[in-house]
Amino acid sequence: MKTITWQDIIRMLNSDVYLYELGRKWGNDFLTSEQRATMIRKYQNELLDLQTDLADYTNLPLPDSATLIGIFMARCVIAELVEQEPVANDEILLVSYNSEPDQFDAHWTVMIYDPIADEETIGVAELSYAEVFGMRVAIDDDADFLDGLAALFNELTKMGLYDWERNAMIYKQTATQQAVEVAMANFMEQSHQIALFLDEYVTTHPDDRQLPDEIALFWPLTTGIMVPLDESDPNSPLVSTMKQDPKLLAKFKLRFGQAFRKFKGK
């Protein structure tokens with residue numbers, strides 16, 4: 001696998017020609033119109049200054065707005081990288097081209113490759129710039145190098161352009177994921193306890209004639225609210241949302257609250 005360092009990439013992009021071409025590919029081929037509009041709103045003054053600099057100090061043609069945005073973003077990424085103290089490691093940023101587009105209509109995939117374990121993992125966007133700067137890059141030999149580099153830069157900035165933006169987004173995403181994991185753990189624990197309680201209640205109350213109907217009513221609390229995996233498919237299998245119906249849970253607590261608390265306290 002042929003790799004290149006970030007130092008080599010940055011030296012190459014010191015050429016206005018290569019930086020211009022990278023910006024053209026990134027801005028036109030990888031950014032959506034909504035993303036470009038957002039960049040213009042956020043960085044209008046900076047983009048105008050860059051346009052003036054390109055006109056005054058280079059012989060390159062005046063770029064279209066998408067190219068200008070791509071050049072601006074590339075310069076920002078480079079500036080962020082060179083300020084970092086690289087975190088050295090053996091992992092590689094692997095940029096691969098696929099002739100057939102994936103489900104998102106993308107031809108490029110960017111992965112973290114561990115050459116020791118020979119494994120590829122996702123999560124490039126969550127890497128810090130210091131981690132990125134310490135990794136080598138491998139771009140598919142069978143595709144255009146600058147296309148691959150644009151795909152890599154695009155993936156790196158999904159969490160934000162500047163390091164502080166990326167760190168804030170990564171922190172928020174991590175906190176959200178942790179909250180989801182806690183909610184799932186709480187659901188699993190409570191639904192399991194309700195299932196055990198109902199099983200025991202049936203065993204200890206064999207003469208309760210209303211119990212079968214009540215078990216049928218409250219049993220969905222043990223599975224959570226079920227929804228179709230694919231709402232557009234009438235034959236789609238049902239999957240759990242990992243959430244309990246709050247009204248049904250309130251009824252359960254009203255009917256079995258004291259007995260359930262004693263059961264959990266055993």
# chains A, B, ... in the order shown; residues from 1 in each chain; ligands from 1
$ select_by_dssp --residues "stretch 34-101 of chain A" --states "helix (DSSP H, G or I)" --output "PyMOL selection string"
chain A and resi 34-42+44-57+65-82
$ residues_around --residues "A:Phe72" --least-positions-apart "3" --cutoff "10 Å" --atoms "only C-alpha atoms" --output "ChimeraX atom specification"
/A:19-20,23,27,39,43,46-47,50-51,66-69,75-77
$ closest_atom_pairs --of "stretch 40-73 of chain A" --to "stretch 140-152 of chain A" --cutoff "12 Å" --atoms "only C-alpha atoms" --output "tab-separated table"
residue	atom	partner	partner_atom	distance
A:Thr67	CA	A:Ala150	CA	11.7
A:Gly70	CA	A:Ala150	CA	8.9
A:Ile71	CA	A:Ala150	CA	10.5
A:Met73	CA	A:Ala150	CA	10.5
$ residues_around --residues "stretch 116-127 of chain A" --least-positions-apart "4" --cutoff "7 Å" --atoms "only C-alpha atoms" --output "list of chain:residue names"
A:Met111, A:Ile112, A:Glu131, A:Val132, A:Glu155, A:Leu156, A:Thr157, A:Lys158, A:Met159, A:Ile170
$ residues_around --residues "stretch 244-254 of chain A" --least-positions-apart "6" --cutoff "9 Å" --atoms "only C-alpha atoms" --output "PyMOL selection string"
chain A and resi 187+191+217-218+220-225+260
$ select_by_dssp --residues "stretch 87-157 of chain A" --states "strand (DSSP E or B)" --output "list in words"
Ile92, Leu93, Leu94, Val95, Ser96, Tyr97, Trp108, Thr109, Val110, Met111, Ile112, Tyr113, Asp114, Glu119, Glu120, Thr121, Arg136, Val137, Ala138 and Ile139 of chain A
$ write_last_selection --atoms "N, CA and C atoms" --output "mmCIF file, in the first residue's frame"
data_model
loop_
_atom_site.group_PDB
_atom_site.id
_atom_site.type_symbol
_atom_site.label_atom_id
_atom_site.label_comp_id
_atom_site.auth_asym_id
_atom_site.auth_seq_id
_atom_site.Cartn_x
_atom_site.Cartn_y
_atom_site.Cartn_z
ATOM 1 N N ILE A 92 -3.692 4.254 9.251
ATOM 2 C CA ILE A 92 -3.624 4.945 7.961
ATOM 3 C C ILE A 92 -5.017 5.441 7.587
ATOM 4 N N LEU A 93 -5.069 6.629 7.026
ATOM 5 C CA LEU A 93 -6.322 7.133 6.449
ATOM 6 C C LEU A 93 -6.435 6.563 5.045
ATOM 7 N N LEU A 94 -7.346 5.619 4.885
ATOM 8 C CA LEU A 94 -7.478 4.877 3.629
ATOM 9 C C LEU A 94 -8.628 5.447 2.807
ATOM 10 N N VAL A 95 -8.299 5.972 1.630
ATOM 11 C CA VAL A 95 -9.292 6.608 0.755
ATOM 12 C C VAL A 95 -9.458 5.726 -0.477
ATOM 13 N N SER A 96 -10.633 5.107 -0.604
ATOM 14 C CA SER A 96 -10.865 4.128 -1.676
ATOM 15 C C SER A 96 -11.947 4.603 -2.622
ATOM 16 N N TYR A 97 -11.767 4.258 -3.905
ATOM 17 C CA TYR A 97 -12.743 4.619 -4.937
ATOM 18 C C TYR A 97 -13.514 3.377 -5.374
ATOM 19 N N TRP A 108 -16.632 7.443 -3.150
ATOM 20 C CA TRP A 108 -15.446 7.390 -2.298
ATOM 21 C C TRP A 108 -15.805 6.954 -0.883
ATOM 22 N N THR A 109 -14.944 6.146 -0.279
ATOM 23 C CA THR A 109 -15.071 5.809 1.131
ATOM 24 C C THR A 109 -13.759 6.156 1.822
ATOM 25 N N VAL A 110 -13.872 6.681 3.021
ATOM 26 C CA VAL A 110 -12.696 7.061 3.803
ATOM 27 C C VAL A 110 -12.755 6.310 5.126
ATOM 28 N N MET A 111 -11.752 5.487 5.367
ATOM 29 C CA MET A 111 -11.731 4.619 6.534
ATOM 30 C C MET A 111 -10.413 4.764 7.290
ATOM 31 N N ILE A 112 -10.431 4.290 8.525
ATOM 32 C CA ILE A 112 -9.199 4.174 9.319
ATOM 33 C C ILE A 112 -8.709 2.736 9.173
ATOM 34 N N TYR A 113 -7.505 2.584 8.654
ATOM 35 C CA TYR A 113 -6.960 1.242 8.426
ATOM 36 C C TYR A 113 -5.854 0.957 9.425
ATOM 37 N N ASP A 114 -5.999 -0.167 10.121
ATOM 38 C CA ASP A 114 -4.986 -0.633 11.065
ATOM 39 C C ASP A 114 -4.176 -1.719 10.372
ATOM 40 N N GLU A 119 -7.456 -4.337 9.728
ATOM 41 C CA GLU A 119 -8.868 -4.021 9.899
ATOM 42 C C GLU A 119 -9.153 -2.582 9.483
ATOM 43 N N GLU A 120 -10.348 -2.373 8.937
ATOM 44 C CA GLU A 120 -10.810 -1.038 8.574
ATOM 45 C C GLU A 120 -11.977 -0.662 9.481
ATOM 46 N N THR A 121 -11.971 0.577 9.979
ATOM 47 C CA THR A 121 -13.057 1.049 10.820
ATOM 48 C C THR A 121 -13.491 2.442 10.357
ATOM 49 N N ARG A 136 -0.579 8.540 8.264
ATOM 50 C CA ARG A 136 -0.254 8.585 6.849
ATOM 51 C C ARG A 136 -1.539 8.404 6.040
ATOM 52 N N VAL A 137 -1.477 8.782 4.781
ATOM 53 C CA VAL A 137 -2.653 8.756 3.908
ATOM 54 C C VAL A 137 -2.386 7.820 2.729
ATOM 55 N N ALA A 138 -3.380 7.013 2.414
ATOM 56 C CA ALA A 138 -3.304 6.139 1.234
ATOM 57 C C ALA A 138 -4.527 6.403 0.372
ATOM 58 N N ILE A 139 -4.297 6.908 -0.841
ATOM 59 C CA ILE A 139 -5.390 7.209 -1.771
ATOM 60 C C ILE A 139 -5.325 6.230 -2.937
#
